[in-house]
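Note: the block below is protein-v7.cif and it holds mmCIF, C-alpha atoms.
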data_coords
loop_
_atom_site.label_atom_id
_atom_site.label_comp_id
_atom_site.auth_asym_id
_atom_site.auth_seq_id
_atom_site.Cartn_x
_atom_site.Cartn_y
_atom_site.Cartn_z
CA MET A 1 16.18 -6.91 -31.33
CA GLU A 2 17.22 -9.40 -34.00
CA ASN A 3 19.68 -11.30 -31.80
CA SER A 4 17.69 -11.06 -28.56
CA TYR A 5 15.82 -14.15 -27.36
CA ASP A 6 13.88 -15.48 -24.42
CA LEU A 7 15.96 -18.65 -24.17
CA LEU A 8 19.43 -19.27 -25.57
CA ILE A 9 20.87 -22.79 -25.58
CA VAL A 10 24.60 -23.31 -26.10
CA GLY A 11 25.04 -26.77 -27.59
CA GLY A 12 22.95 -28.94 -29.90
CA GLY A 13 23.40 -32.41 -28.42
CA PRO A 14 20.64 -34.50 -26.79
CA ALA A 15 20.36 -32.21 -23.75
CA GLY A 16 20.31 -29.00 -25.77
CA LEU A 17 17.82 -30.34 -28.29
CA ALA A 18 15.50 -31.63 -25.56
CA ALA A 19 15.64 -28.22 -23.88
CA ALA A 20 14.89 -26.61 -27.22
CA ILE A 21 11.79 -28.77 -27.70
CA TYR A 22 10.44 -27.74 -24.31
CA GLY A 23 11.39 -24.09 -24.83
CA GLY A 24 9.74 -23.92 -28.22
CA ARG A 25 6.63 -25.68 -26.99
CA ALA A 26 6.37 -23.12 -24.15
CA ARG A 27 6.33 -20.43 -26.88
CA LEU A 28 9.62 -18.96 -25.79
CA ARG A 29 11.67 -17.42 -28.57
CA THR A 30 14.42 -20.03 -28.47
CA LEU A 31 17.82 -20.15 -30.17
CA VAL A 32 20.31 -23.02 -30.25
CA LEU A 33 23.96 -22.14 -30.92
CA ASN A 34 26.10 -25.09 -31.97
CA ARG A 35 29.62 -25.05 -33.35
CA GLY A 36 29.38 -28.25 -35.41
CA ASP A 37 26.89 -30.87 -36.49
CA TYR A 38 23.78 -31.17 -34.35
CA GLY A 39 23.49 -34.17 -32.07
CA GLY A 40 26.87 -34.01 -30.36
CA GLN A 41 28.63 -37.21 -29.34
CA ALA A 42 25.40 -39.16 -29.84
CA THR A 43 25.81 -38.90 -33.62
CA THR A 44 29.08 -40.84 -33.41
CA THR A 45 27.33 -43.78 -31.76
CA ARG A 46 26.49 -46.35 -34.42
CA GLU A 47 23.86 -48.19 -32.36
CA ILE A 48 21.84 -46.89 -29.41
CA VAL A 49 19.98 -49.75 -27.74
CA ASN A 50 19.01 -48.25 -24.37
CA TYR A 51 16.93 -45.19 -25.29
CA PRO A 52 13.31 -45.85 -24.26
CA GLY A 53 11.03 -46.69 -27.15
CA TYR A 54 13.83 -47.68 -29.54
CA ILE A 55 15.07 -51.28 -29.60
CA GLU A 56 17.94 -50.09 -31.77
CA VAL A 57 18.53 -46.76 -33.48
CA GLY A 58 21.49 -44.97 -35.00
CA GLY A 59 22.66 -41.96 -33.05
CA ASP A 60 22.53 -39.69 -36.08
CA GLU A 61 18.98 -40.81 -36.88
CA LEU A 62 17.77 -40.22 -33.32
CA MET A 63 19.35 -36.76 -33.15
CA ALA A 64 17.84 -35.82 -36.52
CA ASP A 65 14.44 -36.66 -35.02
CA PHE A 66 15.21 -34.47 -31.99
CA LYS A 67 16.15 -31.49 -34.18
CA LYS A 68 13.12 -31.92 -36.43
CA HIS A 69 10.90 -31.98 -33.32
CA ALA A 70 12.43 -28.72 -32.05
CA GLU A 71 12.04 -27.06 -35.46
CA HIS A 72 8.37 -28.04 -35.40
CA PHE A 73 7.97 -25.72 -32.39
CA GLY A 74 9.72 -22.81 -34.09
CA VAL A 75 13.16 -23.15 -32.52
CA GLU A 76 15.94 -21.33 -34.39
CA PHE A 77 19.37 -22.86 -35.04
CA ARG A 78 22.66 -21.18 -35.86
CA LYS A 79 26.09 -22.70 -36.36
CA GLU A 80 28.13 -20.46 -34.09
CA GLN A 81 30.87 -21.19 -31.55
CA ALA A 82 30.55 -19.36 -28.23
CA VAL A 83 33.87 -17.80 -27.18
CA SER A 84 32.88 -15.54 -24.27
CA VAL A 85 29.91 -14.67 -22.09
CA ASP A 86 28.61 -11.87 -19.89
CA PHE A 87 26.21 -13.11 -17.24
CA SER A 88 26.40 -10.00 -15.05
CA GLY A 89 23.13 -8.37 -16.10
CA GLY A 90 19.48 -9.27 -16.43
CA LEU A 91 20.05 -10.09 -20.08
CA LYS A 92 22.70 -12.78 -20.54
CA LYS A 93 25.09 -12.21 -23.44
CA ILE A 94 26.97 -14.72 -25.60
CA ARG A 95 29.69 -13.71 -28.05
CA THR A 96 30.75 -15.99 -30.90
CA ARG A 97 33.89 -16.61 -32.92
CA LYS A 98 32.28 -14.86 -35.90
CA GLY A 99 32.04 -11.66 -33.85
CA LYS A 100 28.30 -11.82 -33.27
CA GLU A 101 26.58 -11.15 -29.94
CA PHE A 102 23.36 -12.82 -28.81
CA SER A 103 21.37 -12.04 -25.67
CA ALA A 104 18.63 -13.85 -23.79
CA LYS A 105 16.66 -13.71 -20.58
CA ALA A 106 17.87 -17.20 -19.69
CA VAL A 107 20.73 -19.39 -20.90
CA ILE A 108 21.07 -23.18 -20.87
CA LEU A 109 24.62 -24.51 -21.19
CA ALA A 110 24.60 -27.83 -23.03
CA CYS A 111 28.16 -27.91 -24.32
CA GLY A 112 28.58 -31.67 -23.96
CA ASN A 113 31.97 -33.38 -23.85
CA GLU A 114 34.85 -33.85 -26.23
CA PRO A 115 37.63 -36.45 -26.36
CA ARG A 116 40.47 -35.98 -23.89
CA LEU A 117 43.89 -35.71 -25.50
CA LEU A 118 46.93 -37.48 -24.10
CA ASN A 119 49.15 -34.77 -25.63
CA ILE A 120 51.87 -37.27 -26.44
CA PRO A 121 54.38 -36.77 -29.27
CA GLY A 122 52.78 -37.34 -32.65
CA GLU A 123 49.17 -37.22 -31.47
CA LYS A 124 48.32 -33.71 -32.65
CA GLU A 125 50.70 -33.81 -35.60
CA LEU A 126 49.04 -36.93 -37.05
CA LYS A 127 45.43 -36.13 -36.17
CA GLY A 128 43.34 -36.93 -39.23
CA MET A 129 46.26 -38.82 -40.74
CA GLY A 130 45.76 -42.03 -38.81
CA VAL A 131 44.98 -40.59 -35.37
CA SER A 132 41.23 -40.61 -34.67
CA TYR A 133 38.76 -40.29 -31.82
CA CYS A 134 35.66 -41.60 -33.60
CA ALA A 135 35.32 -45.15 -34.90
CA THR A 136 31.96 -44.51 -36.54
CA CYS A 137 33.50 -41.64 -38.47
CA ASP A 138 36.78 -43.24 -39.55
CA ALA A 139 36.82 -47.04 -39.14
CA GLU A 140 36.06 -47.73 -42.80
CA PHE A 141 39.28 -45.98 -43.84
CA PHE A 142 41.28 -48.76 -42.22
CA GLU A 143 40.00 -51.66 -44.30
CA GLY A 144 42.47 -54.54 -44.04
CA MET A 145 44.90 -52.54 -41.88
CA ARG A 146 46.28 -52.85 -38.37
CA VAL A 147 44.77 -50.52 -35.79
CA VAL A 148 45.58 -49.69 -32.16
CA VAL A 149 42.83 -48.72 -29.72
CA VAL A 150 43.82 -46.89 -26.54
CA GLY A 151 41.50 -47.34 -23.54
CA SER A 152 39.37 -50.02 -21.89
CA GLY A 153 36.05 -48.37 -21.03
CA ASP A 154 32.70 -49.00 -22.69
CA GLN A 155 33.42 -46.64 -25.56
CA ALA A 156 36.90 -48.04 -26.26
CA ILE A 157 35.84 -51.70 -26.27
CA GLU A 158 32.58 -51.24 -28.16
CA GLU A 159 34.18 -48.97 -30.76
CA GLY A 160 37.12 -51.36 -31.00
CA MET A 161 34.75 -54.21 -31.87
CA TYR A 162 33.17 -52.02 -34.52
CA ILE A 163 36.61 -51.36 -36.04
CA THR A 164 37.19 -55.13 -36.38
CA LYS A 165 34.53 -55.13 -39.12
CA PHE A 166 37.07 -53.31 -41.28
CA ALA A 167 40.56 -53.74 -39.84
CA GLU A 168 42.72 -56.86 -40.12
CA GLU A 169 43.68 -56.63 -36.44
CA VAL A 170 42.81 -54.38 -33.50
CA SER A 171 45.31 -54.15 -30.65
CA VAL A 172 43.83 -52.71 -27.45
CA VAL A 173 46.30 -50.97 -25.13
CA VAL A 174 45.10 -51.38 -21.54
CA LEU A 175 46.56 -49.65 -18.49
CA HIS A 176 45.42 -52.47 -16.15
CA GLY A 177 46.72 -55.99 -15.59
CA GLU A 178 45.69 -58.99 -17.67
CA GLY A 179 41.93 -59.58 -17.89
CA VAL A 180 40.91 -56.26 -16.29
CA LEU A 181 38.80 -53.93 -18.43
CA ASP A 182 36.78 -50.89 -17.36
CA CYS A 183 33.84 -51.69 -19.63
CA ASN A 184 30.67 -53.60 -18.81
CA LYS A 185 30.95 -57.38 -18.48
CA GLN A 186 28.90 -58.16 -21.60
CA SER A 187 31.13 -56.05 -23.84
CA ALA A 188 34.24 -57.52 -22.23
CA ALA A 189 33.08 -61.07 -22.94
CA ARG A 190 32.33 -60.24 -26.57
CA ALA A 191 35.70 -58.53 -26.99
CA PHE A 192 37.65 -61.46 -25.52
CA ALA A 193 35.82 -63.77 -27.92
CA ASN A 194 36.55 -61.59 -30.96
CA PRO A 195 39.35 -63.25 -32.99
CA LYS A 196 40.48 -59.93 -34.45
CA MET A 197 41.10 -58.29 -31.07
CA ARG A 198 44.24 -58.69 -29.00
CA PHE A 199 45.11 -56.98 -25.73
CA ILE A 200 48.33 -55.40 -24.57
CA TRP A 201 48.17 -55.23 -20.76
CA ASP A 202 49.88 -52.94 -18.21
CA SER A 203 50.75 -50.48 -20.96
CA THR A 204 50.32 -46.95 -22.18
CA VAL A 205 51.12 -45.18 -25.45
CA ALA A 206 54.23 -43.02 -25.21
CA GLU A 207 54.41 -41.80 -28.81
CA VAL A 208 52.60 -41.98 -32.15
CA GLN A 209 55.11 -42.47 -34.93
CA GLY A 210 54.93 -41.65 -38.62
CA ALA A 211 55.91 -39.07 -41.21
CA GLN A 212 52.87 -38.21 -43.32
CA THR A 213 50.64 -40.91 -41.78
CA VAL A 214 50.71 -43.17 -38.73
CA SER A 215 53.17 -46.05 -39.04
CA ALA A 216 53.52 -47.29 -35.44
CA VAL A 217 53.06 -46.52 -31.76
CA LYS A 218 55.68 -46.70 -29.03
CA LEU A 219 54.35 -48.39 -25.89
CA LYS A 220 55.62 -48.31 -22.33
CA ASN A 221 54.95 -51.03 -19.76
CA VAL A 222 53.82 -49.25 -16.59
CA LYS A 223 55.18 -52.02 -14.36
CA THR A 224 58.59 -52.67 -15.88
CA GLY A 225 59.21 -49.45 -17.79
CA ALA A 226 60.11 -51.49 -20.88
CA GLU A 227 59.34 -49.89 -24.24
CA SER A 228 58.15 -51.60 -27.39
CA VAL A 229 56.92 -50.62 -30.84
CA VAL A 230 53.73 -51.87 -32.48
CA GLU A 231 53.35 -51.29 -36.20
CA CYS A 232 49.93 -49.97 -37.23
CA GLN A 233 48.24 -47.62 -39.66
CA GLY A 234 45.69 -46.14 -37.28
CA VAL A 235 45.34 -45.16 -33.61
CA PHE A 236 41.99 -44.57 -31.95
CA PHE A 237 42.07 -42.81 -28.58
CA PHE A 238 39.22 -43.45 -26.13
CA VAL A 239 40.69 -42.24 -22.83
CA GLY A 240 37.88 -40.15 -21.44
CA MET A 241 36.09 -36.93 -22.16
CA VAL A 242 36.40 -33.31 -21.03
CA PRO A 243 33.79 -30.52 -21.14
CA PRO A 244 34.55 -27.65 -23.57
CA THR A 245 33.73 -25.01 -20.96
CA GLY A 246 36.90 -22.94 -21.18
CA PHE A 247 34.98 -20.03 -22.70
CA LEU A 248 33.14 -19.67 -19.38
CA GLN A 249 36.30 -18.85 -17.42
CA GLY A 250 36.04 -15.48 -15.71
CA SER A 251 32.25 -15.35 -16.02
CA GLY A 252 31.63 -15.98 -12.31
CA LEU A 253 30.11 -19.37 -13.11
CA GLU A 254 31.10 -22.06 -10.62
CA MET A 255 32.97 -25.03 -12.14
CA ASP A 256 35.01 -27.86 -10.67
CA ASP A 257 38.71 -28.40 -11.37
CA ARG A 258 37.89 -30.38 -14.53
CA GLY A 259 35.52 -27.76 -15.94
CA TYR A 260 32.25 -29.49 -15.06
CA ILE A 261 29.40 -27.30 -13.80
CA PRO A 262 27.59 -28.13 -10.53
CA VAL A 263 23.82 -27.59 -10.50
CA ASN A 264 20.85 -28.21 -8.24
CA GLY A 265 17.75 -30.27 -8.97
CA LEU A 266 16.38 -27.56 -11.27
CA MET A 267 19.66 -27.52 -13.25
CA GLU A 268 20.34 -24.05 -11.85
CA THR A 269 23.94 -22.88 -11.63
CA ASN A 270 25.21 -20.35 -9.09
CA ILE A 271 24.16 -17.55 -11.48
CA GLU A 272 20.50 -16.59 -11.66
CA GLY A 273 18.97 -17.42 -15.05
CA VAL A 274 21.83 -19.69 -16.13
CA TYR A 275 21.35 -23.48 -16.27
CA ALA A 276 23.64 -26.38 -17.15
CA VAL A 277 22.52 -29.72 -18.60
CA GLY A 278 23.89 -32.91 -20.07
CA ASP A 279 27.48 -34.02 -20.20
CA ASN A 280 29.00 -30.67 -19.18
CA ARG A 281 27.42 -30.72 -15.73
CA VAL A 282 28.47 -32.65 -12.64
CA LYS A 283 26.45 -35.87 -12.74
CA TYR A 284 26.58 -39.62 -12.11
CA LEU A 285 25.52 -40.98 -15.51
CA ARG A 286 26.11 -39.47 -18.94
CA GLN A 287 23.67 -41.06 -21.39
CA VAL A 288 21.21 -39.77 -24.00
CA ALA A 289 18.31 -40.59 -21.65
CA THR A 290 19.75 -38.63 -18.72
CA CYS A 291 20.62 -35.71 -20.99
CA VAL A 292 17.03 -35.52 -22.19
CA GLY A 293 15.79 -35.36 -18.61
CA ASP A 294 18.26 -32.59 -17.84
CA GLY A 295 17.15 -30.57 -20.85
CA ALA A 296 13.46 -30.90 -20.05
CA THR A 297 13.99 -29.90 -16.41
CA ALA A 298 16.12 -26.88 -17.26
CA ALA A 299 13.76 -25.59 -19.94
CA VAL A 300 10.73 -25.78 -17.64
CA ALA A 301 12.69 -24.09 -14.83
CA ALA A 302 13.89 -21.42 -17.26
CA GLU A 303 10.36 -20.79 -18.53
CA ARG A 304 9.14 -20.22 -14.98
CA TYR A 305 12.13 -18.00 -14.23
CA ILE A 306 11.45 -15.90 -17.33
CA SER A 307 7.76 -15.66 -16.46
CA GLU A 308 8.51 -14.48 -12.92
CA MET A 309 11.07 -11.95 -14.08
CA ASP A 310 8.69 -10.60 -16.74
CA ASP A 311 6.02 -10.23 -14.06
CA PHE A 312 8.57 -8.53 -11.80
CA GLU A 313 9.47 -6.04 -14.52
CA ARG A 314 5.81 -5.26 -15.15
CA ASP A 315 4.25 -5.42 -11.68
CA VAL A 316 7.12 -4.21 -9.48
CA LEU A 317 9.56 -2.11 -11.46
CA GLY A 318 6.82 -0.76 -13.68
CA ALA A 319 4.39 0.01 -10.84
CA GLY A 320 6.07 3.11 -9.43
CA ASP A 321 8.62 3.85 -6.74
CA LYS A 322 7.06 1.88 -3.86
CA VAL A 323 5.56 -1.60 -3.80
CA ILE A 324 4.65 -4.15 -1.14
CA LEU A 325 5.82 -7.59 -2.29
CA TYR A 326 3.81 -10.22 -0.42
CA PHE A 327 5.01 -13.84 -0.33
CA PHE A 328 2.53 -16.54 0.63
CA ASN A 329 1.88 -20.25 0.11
CA ALA A 330 -1.49 -21.26 -1.33
CA TYR A 331 -1.34 -24.51 0.65
CA GLN A 332 -0.89 -22.72 3.99
CA SER A 333 -4.14 -21.18 5.18
CA GLU A 334 -2.45 -18.89 7.70
CA THR A 335 -0.52 -17.15 4.91
CA ILE A 336 -3.75 -16.56 2.98
CA ALA A 337 -5.35 -15.15 6.13
CA TYR A 338 -2.44 -12.79 6.62
CA GLY A 339 -2.85 -11.66 3.02
CA THR A 340 -6.46 -10.66 3.76
CA LEU A 341 -5.28 -8.78 6.87
CA LEU A 342 -2.64 -7.00 4.78
CA GLU A 343 -5.19 -5.86 2.21
CA GLU A 344 -7.51 -4.47 4.91
CA ALA A 345 -4.64 -2.71 6.69
CA ASN A 346 -3.46 -1.24 3.41
CA GLN A 347 -6.84 0.43 2.87
CA MET A 348 -6.99 1.54 6.50
CA SER A 349 -3.57 3.22 6.26
CA GLY A 350 -4.90 6.16 4.25
CA HIS A 351 -1.96 5.70 1.88
CA PRO A 352 -2.67 2.42 0.11
CA GLN A 353 0.27 0.94 -1.78
CA ARG A 354 0.37 -1.48 -4.66
CA VAL A 355 0.55 -5.07 -3.32
CA VAL A 356 2.13 -7.70 -5.57
CA LYS A 357 1.44 -11.26 -4.45
CA VAL A 358 3.82 -14.17 -5.04
CA ASP A 359 2.78 -17.77 -4.33
CA THR A 360 5.95 -19.58 -3.27
CA ALA A 361 4.25 -22.94 -3.77
CA THR A 362 4.79 -22.51 -7.52
CA ARG A 363 6.99 -19.42 -7.94
CA LYS A 364 10.33 -19.41 -6.16
CA VAL A 365 12.62 -17.11 -8.13
CA LEU A 366 11.68 -13.84 -6.43
CA ALA A 367 11.76 -15.49 -3.00
CA GLN A 368 15.33 -16.55 -3.70
CA LYS A 369 16.18 -13.14 -5.14
CA TYR A 370 15.11 -11.35 -1.95
CA GLY A 371 16.26 -14.03 0.48
CA VAL A 372 12.78 -15.00 1.68
CA THR A 373 12.97 -18.36 3.44
CA ALA A 374 9.68 -18.34 5.40
CA VAL A 375 6.16 -17.14 4.63
CA PRO A 376 4.13 -15.05 5.11
CA ALA A 377 6.53 -12.23 4.34
CA ALA A 378 5.66 -8.70 3.21
CA LEU A 379 8.66 -6.78 1.84
CA LEU A 380 8.75 -3.03 1.29
CA LEU A 381 10.43 -2.21 -2.03
CA GLU A 382 11.61 1.09 -3.42
CA LYS A 383 12.49 0.95 -7.11
CA GLY A 384 12.87 -2.79 -6.77
CA GLU A 385 15.30 -2.60 -3.85
CA ARG A 386 14.42 -3.97 -0.43
CA ALA A 387 13.70 -1.07 1.93
CA GLY A 388 12.20 -2.98 4.85
CA GLU A 389 9.62 -5.53 5.90
CA LEU A 390 6.20 -5.33 7.53
CA LYS A 391 6.36 -6.88 11.01
CA ALA A 392 3.07 -6.06 12.73
CA ALA A 393 0.54 -8.84 13.39
CA ASP A 394 -2.59 -6.75 14.00
CA LYS A 395 -4.47 -4.59 11.52
CA SER A 396 -4.01 -1.18 13.15
CA ALA A 397 -0.28 -1.55 13.72
CA LEU A 398 0.12 -2.91 10.21
CA ALA A 399 -1.76 0.11 8.80
CA ARG A 400 0.62 2.48 10.64
CA GLU A 401 3.66 0.67 9.21
CA ILE A 402 2.24 1.00 5.70
CA ALA A 403 1.49 4.70 6.20
CA ALA A 404 5.03 5.28 7.48
CA PHE A 405 6.45 3.52 4.41
CA ALA A 406 4.23 5.57 2.08
CA THR A 407 5.05 8.96 3.64
CA GLY A 408 8.62 8.29 4.65
CA LYS A 409 7.87 9.19 8.27
#
This structure in structure tokens:
Amino acid sequence: MENSYDLLIVGGGPAGLAAAIYGGRARLRTLVLNRGDYGGQATTTREIVNYPGYIEVGGDELMADFKKHAEHFGVEFRKEQAVSVDFSGGLKKIRTRKGKEFSAKAVILACGNEPRLLNIPGEKELKGMGVSYCATCDAEFFEGMRVVVVGSGDQAIEEGMYITKFAEEVSVVVLHGEGVLDCNKQSAARAFANPKMRFIWDSTVAEVQGAQTVSAVKLKNVKTGAESVVECQGVFFFVGMVPPTGFLQGSGLEMDDRGYIPVNGLMETNIEGVYAVGDNRVKYLRQVATCVGDGATAAVAAERYISEMDDFERDVLGAGDKVILYFFNAYQSETIAYGTLLEEANQMSGHPQRVVKVDTATRKVLAQKYGVTAVPAALLLEKGERAGELKAADKSALAREIAAFATGK
């Protein structure tokens, strides 16, 4: 099918592009769906100085290299916005705003983050007319003007310093008391030493004012309640990020109260065959480097999942009504010995069944699917459904159990 893939990645930021590189290299038919420009928030970062191998690189340049690398391995890209999903079946389905539907054996969610809105009067009305969330994108439009920056984290302070290259003055509105910023100490020291930056402490923005464009902001002192007005031509909000995961509501996917997705060490979500990576997952550090690691891990895990499920379709579901699914560990000699005993008993039974072997040392998906927590384990399957388990420890008794399974007696 034209819109059917092995691996479908929602999001084209650092995590999604890294996953795409690994998926393409593994010769999976891989598609990346992305609603905007590729690279995500990384492309709005003017200078990246902590990505290994690059002393300094522009975010857009680095992301262009990522995408080119993925294309080298045959990865497909489409500008589509996911609006709903169906993860209930073996094939995962994604529907887009343009009315298209894509399906894949495995899905990696790499939706990233987007700026959090304060939803104060004037913010939405004046967006793009003086209200901005990206200094790299818009700072040059405020040449010689007065600008207000809202926030005190790394992004707010570093982007604020970038804006001073263009603006006449940058006023930083800080929720904390005098001298307290949420950014790293180096950035704080540079900001305090910047003659174009001034700080308004213990304050928050209550309203963005202006008719056709921004003309001022109304501030409120959080300690005294006093209000004041600061004239400006631009307001940059840097008050945190939120994951755009609303389209996943109702899918059965577990998310926290903020919309972030919890995963395990393999980037697996609570739904089989669905992974989450990068800034939209629950994690300690959100950086390009950590996103790349997430993407690589998820793509490798997804490739192994797809391989196991393909084998399952062929060797179990395609083998007939009845199959013995034997789980062992290649590093545990007793499980190998039991496998030999099982083969001999199977022949002795007079009704030999197809035996499909799964090494849990390297292949864990089917063990999880059937709830196998200890090996050796020999499950009796009928049309893929668990019908029982072989329990006997000696060859003769094991042969009788197999014969009973084969004949239904």
TODO: Using the chain letters and numbers from the file, give me the residues hit by the PyMOL selection byres ((chain A and resi 261) around 9), as a list in words.
DONE: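 Checked against the file, the PyMOL selection byres ((chain A and resi 261) around 9) matches Thr245, Leu253, Glu254, Met255, Asp256, Gly259, Tyr260, Pro262, Val263, Thr269, Ala276, Val277, Asn280, Arg281 and Val282 of chain A.
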Task: Exercise: residues within 8 Å of coordinate (51.5, -39.1, -26.9), counting all atoms listed in the file, as a ChimeraX atom specification - done: /A:118-123,205-208
Open item on the list: Running the PyMOL selection byres ((chain A and resi 72) around 12) on this model by hand, what would come out? Give it as JSON, numbers by chain.
Closed with: {"A": [20, 21, 22, 23, 24, 25, 27, 65, 66, 67, 68, 69, 70, 71, 73, 74, 75, 76]}
TODO: Give as a list in words the residues that the PyMOL selection byres ((chain A and resi 266) around 8) matches when applied to the coordinates above.
DONE: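 Selected by the PyMOL selection byres ((chain A and resi 266) around 8) in this file: Val263, Asn264, Gly265, Met267, Glu268, Thr297, Ala298 and Ala301 of chain A.
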Please produce a file of those selected residues containing C-alpha atoms, as a PDB file, in the frame of the given file.
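New file again.pdb:
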ATOM      1  CA  VAL A 263      23.820 -27.590 -10.500  1.00  0.00           C
ATOM      2  CA  ASN A 264      20.850 -28.210  -8.240  1.00  0.00           C
ATOM      3  CA  GLY A 265      17.750 -30.270  -8.970  1.00  0.00           C
ATOM      4  CA  MET A 267      19.660 -27.520 -13.250  1.00  0.00           C
ATOM      5  CA  GLU A 268      20.340 -24.050 -11.850  1.00  0.00           C
ATOM      6  CA  THR A 297      13.990 -29.900 -16.410  1.00  0.00           C
ATOM      7  CA  ALA A 298      16.120 -26.880 -17.260  1.00  0.00           C
ATOM      8  CA  ALA A 301      12.690 -24.090 -14.830  1.00  0.00           C
TER       9      ALA A 301
END
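Comparing the minimum interatomic distances between Phe238 in chain A and each of A:Val131, A:Ala378, A:Val107, A:Ala337, counting all atoms listed in the file, we find that A:Val131 sits nearest.
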